[in-house]
Amino acid sequence: MELYTINTGFFKLDGGAMFGVVPKKLWSRTSPSDENNLCTWAMRCLLVIEDGKTILIDNGIGNKQDAKFFGHYHLHGNDSLEGSLQKIGVSNKDITDNFLTHLHFDHCGGSIQIDSSTQKFTTTFPYATYWSNKDHWEWAIQPNDREKASFLKENILPIYESGQLDFIDVPNGKLTSNFEVLFMDGHTEKQMIPKLRYKNHTLVFAADLLPSVSHIPIPYVMGYDVRPLITLNEKKTFLEEAALNNYVIFLEHDPSYECCTVKMTEKGVVLDQTFSLNEL
Ligand SMILES: [Zn+2]
């Protein structure tokens, strides 16, 4: 298995929304905010080459929304989905599979682009299978009022219309022999967390189960999560397992760190080391 980090740039989200009930006095120690209370987050994807497949996990926010929408999210940085794929010599046509952890716009906005000649929506990866799961898909296409602003029709419906959509089996899904899928219900219905075997490590793409190292303390749960008490349990169980087995945790949203490990202490699970994928 080969792995490559695909940086798609940074955006900003309200610090309070990112840490739920945790007071700013506490979260701002590790996640400083600007004058509008916004904190910077990465949209860091992962490319997996294995078994003849070129699999992209998530794809960032995309480029088809209008200026008003992007104005809310303050996109910045020099990286883009296209640029980061180009850097490693991978074209959109080479992607065989686009695995979508869930269908919130900062994870799947790059799925669909606007065709410059027809001005119609078209899949960014013309030969890829786009992977979701049936439960999450049905949840996303009839969104509740809380998640409505995160599930954008234009990111989701054209995938179905292209005929490129397929579903991972719940609860025992796998994409390849070394690409297992964990299902989590706290952040949204059946978020999919890839668990990979890579160079004698277990590497977990944590997506919104653990957006950043600042979210390691158990009460630090995003205000966005639809079932925060479930997140508490899922995160606790996952972090204990990660500490016990020395998992490499790949962080999609951490503004500084690509990967981390955690360790068990008397006070519970805490951050151990941070490093980049290249250092593995
Ligand atoms: Zn999300």
# chains A, B, ... in the order shown; residues from 1 in each chain; ligands from 1
$ closest_atom_pairs --of "chain A" --to "ligand 1" --cutoff "12 Å" --atoms "only C-alpha atoms and all ligand atoms" --output "CSV"
residue,atom,partner,partner_atom_place_in_ligand_line,distance
A:Leu13,CA,ligand 1,1 (Zn),11.9
A:Ala17,CA,ligand 1,1 (Zn),11.9
A:Met18,CA,ligand 1,1 (Zn),10.6
A:Met43,CA,ligand 1,1 (Zn),11.2
A:Asp58,CA,ligand 1,1 (Zn),11.0
A:Gly60,CA,ligand 1,1 (Zn),11.1
A:Ile61,CA,ligand 1,1 (Zn),11.5
A:Leu100,CA,ligand 1,1 (Zn),10.8
A:Thr101,CA,ligand 1,1 (Zn),8.6
A:His102,CA,ligand 1,1 (Zn),6.7
A:Leu103,CA,ligand 1,1 (Zn),7.4
A:His104,CA,ligand 1,1 (Zn),5.0
A:Phe105,CA,ligand 1,1 (Zn),7.8
A:Asp106,CA,ligand 1,1 (Zn),7.2
A:His107,CA,ligand 1,1 (Zn),7.0
A:Cys108,CA,ligand 1,1 (Zn),9.7
A:Gly109,CA,ligand 1,1 (Zn),11.8
A:His136,CA,ligand 1,1 (Zn),12.0
A:Ala140,CA,ligand 1,1 (Zn),11.5
A:Glu147,CA,ligand 1,1 (Zn),9.3
A:Lys148,CA,ligand 1,1 (Zn),11.9
A:Ala149,CA,ligand 1,1 (Zn),11.2
A:Ser150,CA,ligand 1,1 (Zn),7.7
A:Phe151,CA,ligand 1,1 (Zn),9.4
A:Met184,CA,ligand 1,1 (Zn),11.6
A:Asp185,CA,ligand 1,1 (Zn),11.4
A:Gly186,CA,ligand 1,1 (Zn),10.4
A:His187,CA,ligand 1,1 (Zn),6.6
A:Thr188,CA,ligand 1,1 (Zn),7.2
A:Glu189,CA,ligand 1,1 (Zn),10.4
A:Lys190,CA,ligand 1,1 (Zn),11.3
A:Gln191,CA,ligand 1,1 (Zn),8.4
A:Met192,CA,ligand 1,1 (Zn),10.8
A:Ile193,CA,ligand 1,1 (Zn),11.8
A:Ala206,CA,ligand 1,1 (Zn),11.1
A:Ala207,CA,ligand 1,1 (Zn),7.6
A:Asp208,CA,ligand 1,1 (Zn),5.4
A:Leu209,CA,ligand 1,1 (Zn),8.7
A:Leu210,CA,ligand 1,1 (Zn),10.4
A:Pro211,CA,ligand 1,1 (Zn),9.0
A:Met222,CA,ligand 1,1 (Zn),9.5
A:Gly223,CA,ligand 1,1 (Zn),10.8
A:Tyr224,CA,ligand 1,1 (Zn),7.7
A:Asp225,CA,ligand 1,1 (Zn),7.9
A:Val226,CA,ligand 1,1 (Zn),10.1
A:Glu252,CA,ligand 1,1 (Zn),10.6
A:His253,CA,ligand 1,1 (Zn),10.2
$ residues_around --residues "Thr123 in chain A" --least-positions-apart "6" --cutoff "7 Å" --atoms "only C-alpha atoms" --output "ChimeraX atom specification"
/A:111-113,159
$ closest_atom_pairs --of "range 190-244 of chain A" --to "range 160-180 of chain A" --cutoff "12 Å" --atoms "only C-alpha atoms" --output "JSON lines"
{"residue": "A:Lys190", "atom": "CA", "partner": "A:Val170", "partner_atom": "CA", "distance": 8.5}
{"residue": "A:Gln191", "atom": "CA", "partner": "A:Val170", "partner_atom": "CA", "distance": 10.7}
{"residue": "A:Met192", "atom": "CA", "partner": "A:Ile168", "partner_atom": "CA", "distance": 9.1}
{"residue": "A:Ile193", "atom": "CA", "partner": "A:Glu180", "partner_atom": "CA", "distance": 8.3}
{"residue": "A:Pro194", "atom": "CA", "partner": "A:Glu180", "partner_atom": "CA", "distance": 5.8}
{"residue": "A:Lys195", "atom": "CA", "partner": "A:Glu180", "partner_atom": "CA", "distance": 5.0}
{"residue": "A:Leu196", "atom": "CA", "partner": "A:Phe179", "partner_atom": "CA", "distance": 4.8}
{"residue": "A:Arg197", "atom": "CA", "partner": "A:Asn178", "partner_atom": "CA", "distance": 5.2}
{"residue": "A:Tyr198", "atom": "CA", "partner": "A:Asn178", "partner_atom": "CA", "distance": 7.9}
{"residue": "A:Lys199", "atom": "CA", "partner": "A:Asn178", "partner_atom": "CA", "distance": 10.9}
{"residue": "A:Asn200", "atom": "CA", "partner": "A:Asn178", "partner_atom": "CA", "distance": 11.1}
{"residue": "A:His201", "atom": "CA", "partner": "A:Asn178", "partner_atom": "CA", "distance": 11.0}
{"residue": "A:Thr202", "atom": "CA", "partner": "A:Asn178", "partner_atom": "CA", "distance": 9.5}
{"residue": "A:Leu203", "atom": "CA", "partner": "A:Phe179", "partner_atom": "CA", "distance": 9.7}
{"residue": "A:Val204", "atom": "CA", "partner": "A:Glu180", "partner_atom": "CA", "distance": 9.5}
{"residue": "A:Phe205", "atom": "CA", "partner": "A:Phe179", "partner_atom": "CA", "distance": 10.6}
$ select_by_dssp --residues "range 59-226 of chain A" --states "strand (DSSP E)" --output "JSON, numbers by chain"
{"A": [97, 98, 99, 112, 113, 114, 121, 122, 123, 129, 130, 131, 132, 165, 166, 167, 174, 175, 176, 179, 180, 181, 182, 183, 184, 191, 192, 193, 194, 195, 196, 197, 198, 201, 202, 203, 204, 205]}
$ write_last_selection --atoms "N, CA, C and O atoms" --output "compact mmCIF listing (two decimals), in the first residue's frame"
# COMPACT_ATOMS: atom_id res chain seq x y z
N ASP A 97 -11.53 5.09 -7.24
CA ASP A 97 -12.51 5.07 -6.15
C ASP A 97 -12.40 6.35 -5.35
O ASP A 97 -11.31 6.75 -4.98
N ASN A 98 -13.52 6.99 -5.08
CA ASN A 98 -13.54 8.13 -4.17
C ASN A 98 -14.39 7.73 -2.98
O ASN A 98 -15.61 7.58 -3.08
N PHE A 99 -13.71 7.51 -1.87
CA PHE A 99 -14.37 7.06 -0.65
C PHE A 99 -14.78 8.28 0.16
O PHE A 99 -13.93 9.10 0.53
N ILE A 112 -17.97 16.92 -7.28
CA ILE A 112 -18.69 17.41 -8.47
C ILE A 112 -18.09 18.75 -8.87
O ILE A 112 -17.78 19.58 -8.01
N GLN A 113 -17.93 18.96 -10.17
CA GLN A 113 -17.48 20.27 -10.65
C GLN A 113 -18.43 20.75 -11.74
O GLN A 113 -19.32 20.02 -12.17
N ILE A 114 -18.24 22.00 -12.16
CA ILE A 114 -19.07 22.53 -13.24
C ILE A 114 -18.29 22.40 -14.55
O ILE A 114 -17.15 22.88 -14.65
N PHE A 121 -23.36 20.28 -13.96
CA PHE A 121 -22.60 19.53 -12.95
C PHE A 121 -22.08 18.22 -13.56
O PHE A 121 -22.80 17.54 -14.28
N THR A 122 -20.83 17.91 -13.23
CA THR A 122 -20.26 16.66 -13.72
C THR A 122 -19.33 16.10 -12.64
O THR A 122 -18.81 16.86 -11.81
N THR A 123 -19.14 14.80 -12.62
CA THR A 123 -18.26 14.23 -11.60
C THR A 123 -16.81 14.62 -11.91
O THR A 123 -16.38 14.60 -13.06
N THR A 129 -15.60 5.03 -8.87
CA THR A 129 -16.79 4.69 -8.09
C THR A 129 -16.78 5.58 -6.86
O THR A 129 -15.75 5.72 -6.20
N TYR A 130 -17.90 6.23 -6.59
CA TYR A 130 -18.03 7.07 -5.40
C TYR A 130 -18.72 6.24 -4.31
O TYR A 130 -19.83 5.75 -4.52
N TRP A 131 -18.03 6.11 -3.16
CA TRP A 131 -18.53 5.22 -2.10
C TRP A 131 -19.17 5.98 -0.95
O TRP A 131 -18.55 6.85 -0.35
N SER A 132 -20.42 5.63 -0.66
CA SER A 132 -21.09 6.08 0.57
C SER A 132 -21.67 4.81 1.20
O SER A 132 -21.16 3.70 0.93
N LEU A 165 -22.32 6.03 -8.23
CA LEU A 165 -22.48 5.82 -6.79
C LEU A 165 -22.56 4.34 -6.45
O LEU A 165 -23.18 3.57 -7.16
N ASP A 166 -21.90 3.95 -5.36
CA ASP A 166 -22.06 2.60 -4.85
C ASP A 166 -22.03 2.66 -3.32
O ASP A 166 -21.57 3.65 -2.76
N PHE A 167 -22.52 1.61 -2.68
CA PHE A 167 -22.61 1.61 -1.22
C PHE A 167 -21.72 0.54 -0.60
O PHE A 167 -21.70 -0.61 -1.06
N LYS A 174 -15.67 -3.27 3.58
CA LYS A 174 -14.24 -3.28 3.27
C LYS A 174 -14.10 -2.77 1.86
O LYS A 174 -14.94 -3.07 1.01
N LEU A 175 -13.03 -2.03 1.57
CA LEU A 175 -12.83 -1.62 0.18
C LEU A 175 -11.76 -2.48 -0.49
O LEU A 175 -11.88 -2.86 -1.65
N THR A 176 -10.68 -2.79 0.27
CA THR A 176 -9.68 -3.76 -0.19
C THR A 176 -9.32 -4.59 1.05
O THR A 176 -9.82 -4.31 2.14
N PHE A 179 -8.10 -2.31 3.72
CA PHE A 179 -8.90 -1.08 3.86
C PHE A 179 -10.24 -1.46 4.46
O PHE A 179 -11.20 -1.78 3.75
N GLU A 180 -10.28 -1.46 5.81
CA GLU A 180 -11.54 -1.76 6.52
C GLU A 180 -12.30 -0.47 6.79
O GLU A 180 -11.71 0.61 6.73
N VAL A 181 -13.54 -0.60 7.15
CA VAL A 181 -14.36 0.59 7.42
C VAL A 181 -15.05 0.46 8.79
O VAL A 181 -15.67 -0.56 9.08
N LEU A 182 -14.86 1.49 9.63
CA LEU A 182 -15.59 1.56 10.90
C LEU A 182 -16.77 2.50 10.72
O LEU A 182 -16.67 3.49 9.98
N PHE A 183 -17.87 2.23 11.39
CA PHE A 183 -19.07 3.08 11.25
C PHE A 183 -19.34 3.78 12.58
O PHE A 183 -19.30 3.15 13.63
N MET A 184 -19.58 5.08 12.50
CA MET A 184 -19.79 5.91 13.70
C MET A 184 -21.07 6.72 13.53
O MET A 184 -21.31 7.29 12.46
N GLN A 191 -21.22 7.69 9.72
CA GLN A 191 -19.97 8.20 9.19
C GLN A 191 -19.02 7.01 9.00
O GLN A 191 -19.00 6.09 9.83
N MET A 192 -18.24 7.01 7.93
CA MET A 192 -17.34 5.87 7.66
C MET A 192 -15.88 6.28 7.92
O MET A 192 -15.39 7.26 7.37
N ILE A 193 -15.23 5.50 8.78
CA ILE A 193 -13.85 5.79 9.19
C ILE A 193 -12.94 4.69 8.63
O ILE A 193 -13.01 3.54 9.07
N PRO A 194 -12.07 5.02 7.66
CA PRO A 194 -11.16 4.01 7.11
C PRO A 194 -10.08 3.58 8.11
O PRO A 194 -9.50 4.41 8.80
N LYS A 195 -9.88 2.27 8.17
CA LYS A 195 -8.84 1.69 9.03
C LYS A 195 -7.93 0.87 8.13
O LYS A 195 -8.36 -0.15 7.58
N LEU A 196 -6.70 1.34 7.95
CA LEU A 196 -5.80 0.77 6.95
C LEU A 196 -4.64 0.04 7.59
O LEU A 196 -4.18 0.41 8.68
N ARG A 197 -4.13 -0.97 6.88
CA ARG A 197 -2.86 -1.60 7.29
C ARG A 197 -1.78 -1.03 6.38
O ARG A 197 -1.84 -1.17 5.17
N TYR A 198 -0.80 -0.36 6.97
CA TYR A 198 0.21 0.35 6.18
C TYR A 198 1.57 0.23 6.88
O TYR A 198 1.71 0.66 8.04
N HIS A 201 1.77 -0.72 10.40
CA HIS A 201 1.00 0.12 11.30
C HIS A 201 -0.49 -0.06 10.98
O HIS A 201 -0.84 -0.40 9.86
N THR A 202 -1.31 0.23 11.97
CA THR A 202 -2.73 0.45 11.69
C THR A 202 -2.92 1.96 11.65
O THR A 202 -2.60 2.66 12.61
N LEU A 203 -3.38 2.44 10.50
CA LEU A 203 -3.59 3.88 10.33
C LEU A 203 -5.09 4.13 10.19
O LEU A 203 -5.75 3.52 9.34
N VAL A 204 -5.61 5.02 11.02
CA VAL A 204 -7.04 5.32 10.99
C VAL A 204 -7.25 6.75 10.51
O VAL A 204 -6.66 7.70 11.06
N PHE A 205 -8.04 6.90 9.45
CA PHE A 205 -8.39 8.23 8.93
C PHE A 205 -9.56 8.72 9.78
O PHE A 205 -10.69 8.26 9.61
$ residues_around --residues "Lys12 in chain A" --least-positions-apart "4" --cutoff "7 Å" --atoms "only C-alpha atoms" --output "list in words"
Leu38, Cys39, Thr40, Trp41, Tyr73 and His74 of chain A
$ write_last_selection --atoms "N, CA, C and O atoms" --output "PDB file, in the first residue's frame"
ATOM      1  N   LEU A  38     -13.301  32.855  14.781  1.00  0.00           N
ATOM      2  CA  LEU A  38     -13.116  31.745  13.848  1.00  0.00           C
ATOM      3  C   LEU A  38     -11.735  31.113  14.049  1.00  0.00           C
ATOM      4  O   LEU A  38     -10.749  31.814  14.264  1.00  0.00           O
ATOM      5  N   CYS A  39     -11.684  29.796  13.941  1.00  0.00           N
ATOM      6  CA  CYS A  39     -10.410  29.064  14.000  1.00  0.00           C
ATOM      7  C   CYS A  39     -10.124  28.455  12.621  1.00  0.00           C
ATOM      8  O   CYS A  39     -11.048  28.139  11.870  1.00  0.00           O
ATOM      9  N   THR A  40      -8.851  28.277  12.336  1.00  0.00           N
ATOM     10  CA  THR A  40      -8.421  27.693  11.054  1.00  0.00           C
ATOM     11  C   THR A  40      -8.370  26.171  11.142  1.00  0.00           C
ATOM     12  O   THR A  40      -7.892  25.607  12.133  1.00  0.00           O
ATOM     13  N   TRP A  41      -8.874  25.535  10.067  1.00  0.00           N
ATOM     14  CA  TRP A  41      -8.868  24.066   9.998  1.00  0.00           C
ATOM     15  C   TRP A  41      -8.375  23.627   8.627  1.00  0.00           C
ATOM     16  O   TRP A  41      -8.634  24.296   7.620  1.00  0.00           O
ATOM     17  N   TYR A  73     -16.447  30.961   4.734  1.00  0.00           N
ATOM     18  CA  TYR A  73     -15.499  29.932   5.171  1.00  0.00           C
ATOM     19  C   TYR A  73     -14.027  30.324   5.003  1.00  0.00           C
ATOM     20  O   TYR A  73     -13.145  29.553   5.370  1.00  0.00           O
ATOM     21  N   HIS A  74     -13.777  31.513   4.439  1.00  0.00           N
ATOM     22  CA  HIS A  74     -12.412  32.070   4.405  1.00  0.00           C
ATOM     23  C   HIS A  74     -11.368  31.053   3.939  1.00  0.00           C
ATOM     24  O   HIS A  74     -10.435  30.721   4.682  1.00  0.00           O
TER      25      HIS A  74
END
$ closest_residue --among "A:Gly20, A:Pro126, A:Gly52, A:Pro217" --to "Ser91 in chain A" --atoms "only C-alpha atoms"
A:Pro126
$ closest_residue --among "A:Lys153, A:Arg29, A:His72, A:Lys64" --to "Asp14 in chain A" --atoms "only C-alpha atoms"
A:His72
$ atom_distance --atom1 "CA of Ala243 in chain A" --atom2 "CA of Ile6 in chain A"
25.8 Å
$ residues_around --residues "Gly268 in chain A" --least-positions-apart "4" --cutoff "9 Å" --atoms "only C-alpha atoms" --output "PyMOL selection string"
chain A and resi 217-218+240+263-264
$ select_by_dssp --residues "range 36-277 of chain A" --states "helix (DSSP H, G or I)" --output "PyMOL selection string"
chain A and resi 67-73+81-87+92-94+105-111+134-141+153-162+213-215+228-245+277
$ closest_residue --among "A:Ser33, A:Asn78, A:Asn59, A:Thr5" --to "Leu47 in chain A" --atoms "only C-alpha atoms"
A:Thr5
$ residues_around --residues "Thr8 in chain A" --least-positions-apart "3" --cutoff "10 Å" --atoms "only C-alpha atoms" --output "ChimeraX atom specification"
/A:5,11,42-45,59-62,75-85,110
$ write_last_selection --atoms "N, CA and C atoms" --output "tab-separated table (two decimals), in the first residue's frame"
chain	number	residue	atom	x	y	z
A	5	THR	N	-0.53	12.18	1.32
A	5	THR	CA	-1.39	13.25	1.84
A	5	THR	C	-1.81	14.14	0.69
A	11	PHE	N	-9.74	26.24	5.80
A	11	PHE	CA	-10.93	27.07	5.92
A	11	PHE	C	-11.09	27.46	7.38
A	42	ALA	N	-7.71	22.49	8.59
A	42	ALA	CA	-7.26	21.91	7.31
A	42	ALA	C	-8.39	21.10	6.69
A	43	MET	N	-8.27	20.87	5.39
A	43	MET	CA	-9.10	19.86	4.72
A	43	MET	C	-8.12	18.92	4.03
A	44	ARG	N	-7.66	17.94	4.80
A	44	ARG	CA	-6.54	17.09	4.42
A	44	ARG	C	-7.08	15.72	4.02
A	45	CYS	N	-6.91	15.38	2.76
A	45	CYS	CA	-7.40	14.10	2.26
A	45	CYS	C	-6.25	13.11	2.15
A	59	ASN	N	-12.56	14.72	-0.41
A	59	ASN	CA	-12.03	15.56	-1.49
A	59	ASN	C	-12.16	17.07	-1.22
A	60	GLY	N	-12.36	17.44	0.04
A	60	GLY	CA	-12.37	18.87	0.39
A	60	GLY	C	-13.67	19.57	0.02
A	61	ILE	N	-13.58	20.89	-0.09
A	61	ILE	CA	-14.78	21.73	-0.22
A	61	ILE	C	-15.15	21.99	-1.68
A	62	GLY	N	-14.23	21.70	-2.62
A	62	GLY	CA	-14.52	21.92	-4.04
A	62	GLY	C	-14.40	23.37	-4.44
A	75	LEU	N	-11.53	30.55	2.75
A	75	LEU	CA	-10.56	29.57	2.23
A	75	LEU	C	-9.20	30.24	2.10
A	76	HIS	N	-8.15	29.54	2.47
A	76	HIS	CA	-6.81	30.10	2.32
A	76	HIS	C	-5.77	28.99	2.21
A	77	GLY	N	-4.53	29.41	1.92
A	77	GLY	CA	-3.44	28.45	1.72
A	77	GLY	C	-3.19	28.23	0.25
A	78	ASN	N	-2.06	27.60	-0.06
A	78	ASN	CA	-1.65	27.44	-1.47
A	78	ASN	C	-2.10	26.12	-2.07
A	79	ASP	N	-2.67	25.23	-1.26
A	79	ASP	CA	-2.96	23.89	-1.77
A	79	ASP	C	-4.37	23.78	-2.34
A	80	SER	N	-4.50	22.94	-3.36
A	80	SER	CA	-5.82	22.62	-3.91
A	80	SER	C	-5.85	21.13	-4.22
A	81	LEU	N	-7.06	20.61	-4.37
A	81	LEU	CA	-7.21	19.20	-4.72
A	81	LEU	C	-6.44	18.88	-6.00
A	82	GLU	N	-6.68	19.68	-7.05
A	82	GLU	CA	-6.04	19.44	-8.35
A	82	GLU	C	-4.52	19.51	-8.22
A	83	GLY	N	-4.05	20.59	-7.57
A	83	GLY	CA	-2.61	20.82	-7.44
A	83	GLY	C	-1.93	19.69	-6.67
A	84	SER	N	-2.57	19.24	-5.60
A	84	SER	CA	-1.94	18.21	-4.77
A	84	SER	C	-1.91	16.86	-5.49
A	85	LEU	N	-2.94	16.57	-6.28
A	85	LEU	CA	-2.92	15.33	-7.08
A	85	LEU	C	-1.84	15.43	-8.16
A	110	GLY	N	-15.58	18.44	-3.45
A	110	GLY	CA	-14.78	18.24	-4.67
A	110	GLY	C	-15.28	17.09	-5.54
$ closest_residue --among "A:Tyr220, A:Phe19, A:Phe70, A:Tyr4" --to "Ile88 in chain A" --atoms "only C-alpha atoms"
A:Tyr4
$ closest_residue --among "A:Asp145, A:Leu244, A:Ser212, A:Thr54" --to "Tyr257 in chain A" --atoms "only C-alpha atoms"
A:Ser212
$ atom_distance --atom1 "CA of Leu239 in chain A" --atom2 "CA of Pro23 in chain A"
22.6 Å
$ atom_distance --atom1 "CA of Val269 in chain A" --atom2 "CA of Asn37 in chain A"
28.0 Å
$ decode --residues "range 54-68 of chain A" --atoms "N, CA and C atoms" --output "tab-separated table (two decimals), in the first residue's frame"
chain	number	residue	atom	x	y	z
A	54	THR	N	-6.67	3.20	-7.19
A	54	THR	CA	-6.20	4.51	-6.73
A	54	THR	C	-7.38	5.16	-6.04
A	55	ILE	N	-7.33	5.14	-4.70
A	55	ILE	CA	-8.49	5.50	-3.89
A	55	ILE	C	-8.24	6.85	-3.22
A	56	LEU	N	-9.14	7.78	-3.44
A	56	LEU	CA	-9.06	9.07	-2.75
A	56	LEU	C	-10.08	9.05	-1.60
A	57	ILE	N	-9.61	9.38	-0.39
A	57	ILE	CA	-10.52	9.47	0.75
A	57	ILE	C	-10.89	10.94	0.94
A	58	ASP	N	-12.17	11.26	0.80
A	58	ASP	CA	-12.72	12.62	0.85
A	58	ASP	C	-12.09	13.49	-0.25
A	59	ASN	N	-12.56	14.72	-0.41
A	59	ASN	CA	-12.03	15.56	-1.49
A	59	ASN	C	-12.16	17.07	-1.22
A	60	GLY	N	-12.36	17.44	0.04
A	60	GLY	CA	-12.37	18.87	0.39
A	60	GLY	C	-13.67	19.57	0.02
A	61	ILE	N	-13.58	20.89	-0.09
A	61	ILE	CA	-14.78	21.73	-0.22
A	61	ILE	C	-15.15	21.99	-1.68
A	62	GLY	N	-14.23	21.70	-2.62
A	62	GLY	CA	-14.52	21.92	-4.04
A	62	GLY	C	-14.40	23.37	-4.44
A	63	ASN	N	-14.82	23.68	-5.68
A	63	ASN	CA	-14.65	25.06	-6.17
A	63	ASN	C	-15.90	25.59	-6.89
A	64	LYS	N	-17.05	24.91	-6.71
A	64	LYS	CA	-18.21	25.32	-7.51
A	64	LYS	C	-19.20	26.22	-6.78
A	65	GLN	N	-18.99	26.45	-5.47
A	65	GLN	CA	-19.93	27.31	-4.73
A	65	GLN	C	-19.70	28.79	-5.10
A	66	ASP	N	-20.67	29.65	-4.78
A	66	ASP	CA	-20.51	31.07	-5.15
A	66	ASP	C	-19.67	31.82	-4.10
A	67	ALA	N	-19.33	33.06	-4.46
A	67	ALA	CA	-18.44	33.86	-3.61
A	67	ALA	C	-19.04	34.08	-2.22
A	68	LYS	N	-20.36	34.20	-2.16
A	68	LYS	CA	-21.01	34.43	-0.86
A	68	LYS	C	-20.78	33.23	0.07
